[in-house]
Amino acid sequence: MAVVAPLTVEQLRGLTFADGEVAGAHEGGVPVQEAQPAEEQRSFPPVSDPACQVVLDIRDGRGASAVVLQTFNWKGDIWGGGSTLAAYEDGEAERVFARLEQALGACRLYEGMGWTGQFEATLTRERAPRVGDEAVRFRETIPMEDEQPGDREEEFTVVRAGNAIVTFRKLDVGGDAAFPADLVDRQVERLRGAQGR
């Protein structure tokens, strides 16, 4: 079989959602950007569990040949969400997804350093949607200070579509975060279509 060239940043950008395509989003509320070069990213020390660090790296598209990020700002939702579209060399996305599955089997709890300082997160696997070639879903819970309305909950749905992996994330505090299923389906179909799958 012929080797398939990975999707480029420009192609990934063209597969994201434009203004007016996302129900309930503010005008201008679905901006897209390229991932910053590694040397420009703020770096934090690795988290306490190496398996969990693998999960974080893959969900953020580290090691991909091209990455774009899209933010979703919905009306009446102060927390919002986002997606990370990552393209890989032919066959590499399958290997990366296998590493993700293995790491998720071992990652339960980790400590790390973030924008607001030290934190502890619990990771819980959830039932994955039947979409794309492979999919997983997990939730990260970070206890918040007493003045907050509840714990910080972030849902991650990671889907492989051919040689691309897309991660959808939805944040909530004191609620039950869930990224809209129709957007997951539509984004995955665009990625599959762009690769002739």
# chains A, B, ... in the order shown; residues from 1 in each chain; ligands from 1
call {"tool": "residues_around", "arguments": {"residues": "Gln53 in chain A", "least_positions_apart": "5", "cutoff": "12 Å", "atoms": "only C-alpha atoms", "output": "ChimeraX atom specification"}}
result
/A:44-48,58-60,62,99-100,103-104,106-112,121,123
call {"tool": "residues_around", "arguments": {"residues": "range 84-93 of chain A", "least_positions_apart": "6", "cutoff": "7 Å", "atoms": "only C-alpha atoms", "output": "PyMOL selection string"}}
result
chain A and resi 3-7+12+60-61+64-70+163-168
call {"tool": "write_last_selection", "arguments": {"atoms": "C-alpha atoms", "output": "tab-separated table (two decimals), in the first residue's frame"}}
result
chain	number	residue	atom	x	y	z
A	3	VAL	CA	2.35	5.68	2.09
A	4	VAL	CA	-0.14	8.46	2.79
A	5	ALA	CA	1.28	11.91	3.53
A	6	PRO	CA	0.10	13.34	6.86
A	7	LEU	CA	-2.37	16.20	6.89
A	12	LEU	CA	-6.20	20.67	9.63
A	60	ASP	CA	-2.13	17.56	23.67
A	61	GLY	CA	-0.78	16.30	20.34
A	64	ALA	CA	2.48	14.95	15.98
A	65	SER	CA	3.68	16.30	12.63
A	66	ALA	CA	0.98	19.02	12.62
A	67	VAL	CA	-1.35	20.33	15.34
A	68	VAL	CA	-4.13	22.93	15.45
A	69	LEU	CA	-6.23	23.95	18.44
A	70	GLN	CA	-9.81	25.19	18.39
A	163	ASN	CA	-3.64	9.08	10.55
A	164	ALA	CA	-5.11	11.81	12.74
A	165	ILE	CA	-6.03	11.93	16.43
A	166	VAL	CA	-8.47	14.51	17.72
A	167	THR	CA	-9.03	15.30	21.38
A	168	PHE	CA	-12.21	17.04	22.54
call {"tool": "closest_atom_pairs", "arguments": {"of": "range 72-156 of chain A", "to": "range 18-22 of chain A", "cutoff": "12 Å", "atoms": "only C-alpha atoms", "output": "JSON lines"}}
result
{"residue": "A:Phe72", "atom": "CA", "partner": "A:Val22", "partner_atom": "CA", "distance": 8.4}
{"residue": "A:Asn73", "atom": "CA", "partner": "A:Val22", "partner_atom": "CA", "distance": 9.7}
{"residue": "A:Trp74", "atom": "CA", "partner": "A:Val22", "partner_atom": "CA", "distance": 8.7}
{"residue": "A:Lys75", "atom": "CA", "partner": "A:Val22", "partner_atom": "CA", "distance": 11.0}
call {"tool": "atom_distance", "arguments": {"atom1": "CA of Asp176 in chain A", "atom2": "CA of Val136 in chain A"}}
result
17.6 Å
call {"tool": "select_by_dssp", "arguments": {"residues": "range 18-180 of chain A", "states": "strand (DSSP E)", "output": "ChimeraX atom specification"}}
result
/A:32-34,66-72,81-87,109-114,117-126,134-142,152-161,164-173
call {"tool": "atom_distance", "arguments": {"atom1": "CA of Glu189 in chain A", "atom2": "CA of Leu56 in chain A"}}
result
24.3 Å
call {"tool": "select_by_dssp", "arguments": {"residues": "range 7-132 of chain A", "states": "helix (DSSP H, G or I)", "output": "ChimeraX atom specification"}}
result
/A:9-15,38-40,50-59,92-106
call {"tool": "closest_residue", "arguments": {"among": "A:Gly193, A:Gly175, A:Gly29, A:Gly81", "to": "Asp151 in chain A", "atoms": "only C-alpha atoms"}}
result
A:Gly175
call {"tool": "closest_residue", "arguments": {"among": "A:Val32, A:Ala177, A:Ala23, A:Ala135", "to": "Glu153 in chain A", "atoms": "only C-alpha atoms"}}
result
A:Ala177
call {"tool": "atom_distance", "arguments": {"atom1": "CA of Pro31 in chain A", "atom2": "CA of Gly114 in chain A"}}
result
23.1 Å
call {"tool": "closest_residue", "arguments": {"among": "A:Glu120, A:Glu27, A:Glu94, A:Glu101", "to": "Asp49 in chain A", "atoms": "only C-alpha atoms"}}
result
A:Glu120
call {"tool": "closest_residue", "arguments": {"among": "A:Gly14, A:Gly63, A:Gly80, A:Gly24", "to": "Arg169 in chain A", "atoms": "only C-alpha atoms"}}
result
A:Gly80
call {"tool": "closest_residue", "arguments": {"among": "A:Val96, A:Met144, A:Val55, A:Met113", "to": "Asp172 in chain A", "atoms": "only C-alpha atoms"}}
result
A:Met144
